[in-house]
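Enquirer: Supplied structure: work13.pdb, PDB, C-alpha atoms.
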```pdb
ATOM      1  CA  MET Z  75     123.261 114.215  94.402
ATOM      2  CA  SER Z  76     123.822 110.863  92.768
ATOM      3  CA  ARG Z  77     120.896 108.697  91.727
ATOM      4  CA  LYS Z  78     121.557 106.004  94.293
ATOM      5  CA  CYS Z  79     119.454 104.227  96.912
ATOM      6  CA  GLU Z  80     120.782 105.097 100.353
ATOM      7  CA  ILE Z  81     119.669 101.717 101.749
ATOM      8  CA  CYS Z  82     120.775  99.065  99.256
ATOM      9  CA  GLY Z  83     123.142 101.099  97.055
ATOM     10  CA  LYS Z  84     121.271 100.469  93.818
ATOM     11  CA  GLU Z  85     122.393 102.954  91.149
ATOM     12  CA  ALA Z  86     122.115 103.630  87.435
ATOM     13  CA  GLY Z  87     123.215 100.962  84.998
ATOM     14  CA  THR Z  88     124.651 101.725  81.582
ATOM     15  CA  GLY Z  89     124.498 100.078  78.208
ATOM     16  CA  HIS Z  90     123.558 100.648  74.597
ATOM     17  CA  MET Z  91     120.358 101.467  72.783
ATOM     18  CA  VAL Z  92     120.431  99.235  69.725
ATOM     19  CA  SER Z  93     118.483 100.343  66.673
ATOM     20  CA  HIS Z  94     116.973  98.096  64.048
ATOM     21  CA  SER Z  95     120.061  98.690  61.886
ATOM     22  CA  ASN Z  96     122.235  97.656  64.878
ATOM     23  CA  ARG Z  97     123.658 101.143  65.539
ATOM     24  CA  LYS Z  98     124.514 101.618  69.200
ATOM     25  CA  THR Z  99     124.210 104.747  71.326
ATOM     26  CA  LYS Z 100     124.693 105.106  75.070
ATOM     27  CA  ARG Z 101     121.759 104.848  77.450
ATOM     28  CA  ARG Z 102     121.109 104.556  81.186
ATOM     29  CA  TRP Z 103     118.722 102.469  83.256
ATOM     30  CA  LEU Z 104     117.771 104.576  86.278
ATOM     31  CA  PRO Z 105     116.476 103.078  89.537
ATOM     32  CA  ASN Z 106     112.999 104.059  90.698
ATOM     33  CA  LEU Z 107     113.984 106.336  93.591
ATOM     34  CA  GLN Z 108     111.577 108.076  95.939
ATOM     35  CA  ARG Z 109     112.482 110.837  98.375
ATOM     36  CA  VAL Z 110     110.879 109.773 101.657
ATOM     37  CA  ARG Z 111     110.966 110.778 105.304
ATOM     38  CA  ALA Z 112     112.408 107.811 107.162
ATOM     39  CA  ILE Z 113     113.715 107.090 110.642
ATOM     40  CA  VAL Z 114     117.521 107.074 110.450
ATOM     41  CA  SER Z 115     119.396 106.435 113.713
ATOM     42  CA  GLY Z 116     116.421 107.513 115.793
ATOM     43  CA  SER Z 117     115.465 110.738 114.035
ATOM     44  CA  PRO Z 118     113.410 111.462 110.897
ATOM     45  CA  ARG Z 119     115.417 112.364 107.797
ATOM     46  CA  ARG Z 120     114.743 112.721 104.070
ATOM     47  CA  ILE Z 121     116.544 110.012 102.113
ATOM     48  CA  ASN Z 122     116.461 108.645  98.567
ATOM     49  CA  VAL Z 123     115.160 105.077  98.611
ATOM     50  CA  CYS Z 124     114.357 102.690  95.773
ATOM     51  CA  THR Z 125     110.849 101.278  95.627
ATOM     52  CA  ALA Z 126     112.138  97.731  96.172
ATOM     53  CA  CYS Z 127     113.413  98.753  99.621
ATOM     54  CA  LEU Z 128     110.124 100.498 100.393
ATOM     55  CA  ARG Z 129     108.046  97.465  99.433
ATOM     56  CA  SER Z 130     110.246  94.980 101.296
ATOM     57  CA  GLY Z 131     110.064  96.948 104.538
ATOM     58  CA  ARG Z 132     113.776  97.750 104.780
ATOM     59  CA  VAL Z 133     112.822 101.382 105.485
ATOM     60  CA  GLN Z 134     110.858 102.579 108.503
ATOM     61  CA  ARG Z 135     108.774 105.531 107.306
ATOM     62  CA  ALA Z 136     108.390 108.545 109.585
ATOM     63  CA  THR Z 137     104.744 109.400 110.017
ATOM     64  CA  SER Z 138     103.851 113.056 109.953
ATOM     65  CA  ALA Z 139     101.743 113.986 112.977
ATOM     66  CA  VAL Z 140      99.027 116.194 111.501
ATOM     67  CA  SER Z 141      96.322 117.124 113.992
TER      68      SER Z 141
END
```
Now that the file is in, can you turn its structure into structure tokens?
Expert:
Amino acid sequence: MSRKCEICGKEAGTGHMVSHSNRKTKRRWLPNLQRVRAIVSGSPRRINVCTACLRSGRVQRATSAVS
């Protein structure tokens, strides 16, 4: 499973950690993904969604009917 938002496609970015002495080593910036139950094409499904999509309302959450 890749670390990618299934709504907007946001994925990990890469770059360098730069020390005080200017040495560079590889690093990754990971998106803040949450595994949520959402309505996808009419039925509830678990998908990986970034928090930006959750906050903006691009995802319709599936409510669990607990009674």
Enquirer: Can you list what the PyMOL selection byres ((chain Z and resi 106) around 8) grabs from this structure, as a PyMOL selection string?
Expert: chain Z and resi 104-105+107-108+124-125
Enquirer: Give the answer as one residue: which of Z:Asn122, Z:Ser130, Z:Thr88, Z:Ser115 has the shortest atom-to-atom distance to Z:Arg101, using all atoms listed in the file?
Expert: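 Checking each of Z:Asn122, Z:Ser130, Z:Thr88, Z:Ser115 against Z:Arg101, counting all atoms listed in the file, the winner is Z:Thr88.
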Enquirer: Ranking Z:Lys84, Z:Arg97, Z:Arg77, Z:Arg132 by minimum distance to Z:Arg109 and counting all atoms listed in the file, which one comes first?
Expert: Z:Arg77
Enquirer: Could you tell me, as number ranges by chain, exactly which residues end up selected when the PyMOL selection byres ((chain Z and resi 119) around 12) is applied to this structure?
Expert: Z: 80, 109-118, 120-123, 133-138
Enquirer: In Å to one decimal, how far is atom CA of Z:Ile81 from atom CA of Z:Arg129?
Expert: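 According to the coordinates, atom CA of Z:Arg129 and atom CA of Z:Ile81 are separated by 12.6 Å.
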Enquirer: Around all the atoms of stretch 80-95 of chain Z listed in the file, draw an axis-aligned box and extend it by 8 Å on each of the six sides; I want its centre and edge lengths in Å to one decimal, as lines of an AutoDock Vina configuration file.
Expert:
```
center_x = 120.8
center_y = 101.6
center_z = 81.8
size_x = 23.7
size_y = 23.0
size_z = 55.9
```
Enquirer: I'd like the interatomic distance between atom CA of Z:Lys78 and atom CA of Z:Lys98, to a tenth of an Å.
Expert: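 The value is 25.6 Å.
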Enquirer: Distance atom CA of Z:Ala126-atom CA of Z:Gly83, one decimal place?
Expert: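 It comes out at 11.5 Å.
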